[in-house]
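Inspection log for the structure reproduced underneath, given as structure tokens.
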Amino acid sequence: MALSATLHNFAVHLADVDRGVYQELELRVARHPSESAEFMLTRVLAYCLEYEEGIAFSDGGVSSTDEPAVLVRDLTGRVTGWIEVGAPDAQRLHRGSKLADRVAVYTHRDPIKVLSQLTGKRIHRAEAIPLYGFDRDFIDAAVAAVERRNTVTLSVTERLLYLDLNGTGLSTSVDEHRLP
């Protein structure tokens with residue numbers, strides 16, 4: 001018998017001072033059985049940090065080979081943002097960079113290791129792709145606070161992220177790296 005996805009709800013109060021984005025979000029996130037809690041949380045953070053009109057989690061989620069974790073589409077349906085999570089391979093980034101105006105990667109893994117696996121690989125407009133990394137202790141503490149129903153306050157100012165997740169207060173910098 002196949003395992004089914006676990007549904008998590010996130011009621012998010014987003015205040016991204018850096019981008020001037022202030023939103024109340026109700027996110028329903030299906031966590032695939034093969035998806036780690038760290039990956040799911042990074043997906044939610046990436047969604048919030050990239051929030052704009054037309055953003056959505058991809059239909060296939062973690063099991064999709066054709067889409068990233070998060071997509072942004074304009075009103076015509078054209079992909080304008082391709083947001084990968086974790087440690088995507090160079091071929092996915094190359095494809096996304098040719099398809100979308102903007103590509104970004106958010107990782108809960110060691111950014112240096114993620115970058116090293118991409119070194120020397122063919123990636124369209126690689127120099128324009130930011131890789132954002134979160135501190136491992138921050139991710140571990142946040143994962144420990146995740147429940148099926150979550151109340152989140154997320155504030156960003158000067159690339160410092162302040163997170164209140166179900167009463168657990170955490171903060172970290174969002175470190176930006178560039179692809180080689």
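Chains: A, B, ... in order of the structure tokens. Residues: from 1 per chain. Ligands: from 1, in order shown.
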
Write out as an MDAnalysis selection string which residues come within 12 Å of A:Pro68 when counting only C-alpha atoms, dropping same-chain ones fewer than 6 positions away.
-> chainID A and resid 43 46:47 55:62 79 81:89 91:97 99:100 103:106

Practice item. Pick out the residues sitting within 12 Å of A:Ile139, and hand them over as a PyMOL selection string; count only C-alpha atoms, and ignore anything fewer than 4 positions along from it in its own chain. Key: chain A and resi 36-45+107-110+133-135+143-146+161+163+165+170-174

Strand (DSSP E) residues, from DSSP on the backbone, in chain A, as a PyMOL selection string: chain A and resi 6-16+21-31+55-57+70-73+79-85+102-107+130-133+149-157+160-165+168-173+175-178

Across A:Ala142, A:Leu179, A:Ala69, A:Leu154, the smallest distance to A:Gly120, with only C-alpha atoms counted, is shown by A:Leu179

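For the pair atom CA of A:Arg178 and atom CA of A:Ser116, the interatomic distance is 11.3 Å.
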
inquiry  = Please identify the alpha helix (DSSP H) residues within stretch 2-179 of chain A (assignment by DSSP from backbone atoms) and present them as a PyMOL selection string.
reply    = chain A and resi 37-49+90-99+111-118+136-145

* **Near-A:Glu147 list (9 Å; only C-alpha atoms; drop same-chain fewer than 5 positions) as a list in words** =>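 Listing them by chain and then by number gives His8, Asn9 and Asn166 of chain A.
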
Exercise for the section: Select, from A:Arg148, A:Arg102, A:Arg136, A:Lys121, the residue with the minimum atom-to-atom distance to A:Pro180, counting only C-alpha atoms. Expected result: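 The answer is A:Lys121, which sits nearest to A:Pro180.
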
- request: Find the residues near A:Asp74: any atom within 8 Å, counting only C-alpha atoms, skip ones fewer than 5 places away on the same chain, and give them as a ChimeraX atom specification.
  value: /A:53-54,79-80

Expressed in Å, the length from atom CA of A:Val152 to atom CA of A:Ala30 is 17.1 Å

Write out as a short mmCIF file (atom, residue, chain, number, x, y, z; two decimals) with N, CA, C and O atoms, in the first residue's frame which residues come within 9 Å of A:Cys48 when counting only C-alpha atoms, dropping same-chain ones fewer than 6 positions away.
```
data_model
loop_
_atom_site.label_atom_id
_atom_site.label_comp_id
_atom_site.auth_asym_id
_atom_site.auth_seq_id
_atom_site.Cartn_x
_atom_site.Cartn_y
_atom_site.Cartn_z
N VAL A 12 0.32 32.25 7.85
CA VAL A 12 1.55 33.06 7.86
C VAL A 12 1.23 34.55 7.83
O VAL A 12 0.48 35.01 6.96
N LEU A 14 3.28 37.58 6.99
CA LEU A 14 4.55 37.89 6.32
C LEU A 14 4.79 39.39 6.31
O LEU A 14 3.94 40.16 5.86
N ASP A 16 7.94 41.34 4.90
CA ASP A 16 9.26 41.39 4.26
C ASP A 16 9.58 42.86 4.00
O ASP A 16 9.21 43.43 2.96
N LEU A 25 -1.01 34.93 4.63
CA LEU A 25 -1.05 33.77 3.74
C LEU A 25 -1.63 32.56 4.46
O LEU A 25 -1.33 32.33 5.64
N LEU A 154 6.56 35.77 10.10
CA LEU A 154 7.86 35.80 9.41
C LEU A 154 8.17 37.23 9.04
O LEU A 154 7.42 37.86 8.30
#
```

Just checking: using only C-alpha atoms, which residue out of A:Val17, A:Gln23, A:Ala11, A:Lys98 ends up closest to A:Arg122?
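That would be A:Lys98, the residue with the smallest distance to A:Arg122.
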
Calculate how many Å separate atom CA of A:His177 from atom CA of A:Leu118, rounding to one decimal.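 Distance between the two atoms: 12.5 Å.
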
- [ ] Can you pull out every residue within 8 Å of A:Ala15, counting only C-alpha atoms, but drop anything in the same chain fewer than 6 positions away, and send it as a PyMOL selection string?
- [x] chain A and resi 21-23+153-156

Min atom-atom distance to A:Leu131 from the set A:Glu158, A:Glu52, A:Asp101, A:Glu176, counting only C-alpha atoms, belongs to A:Glu176
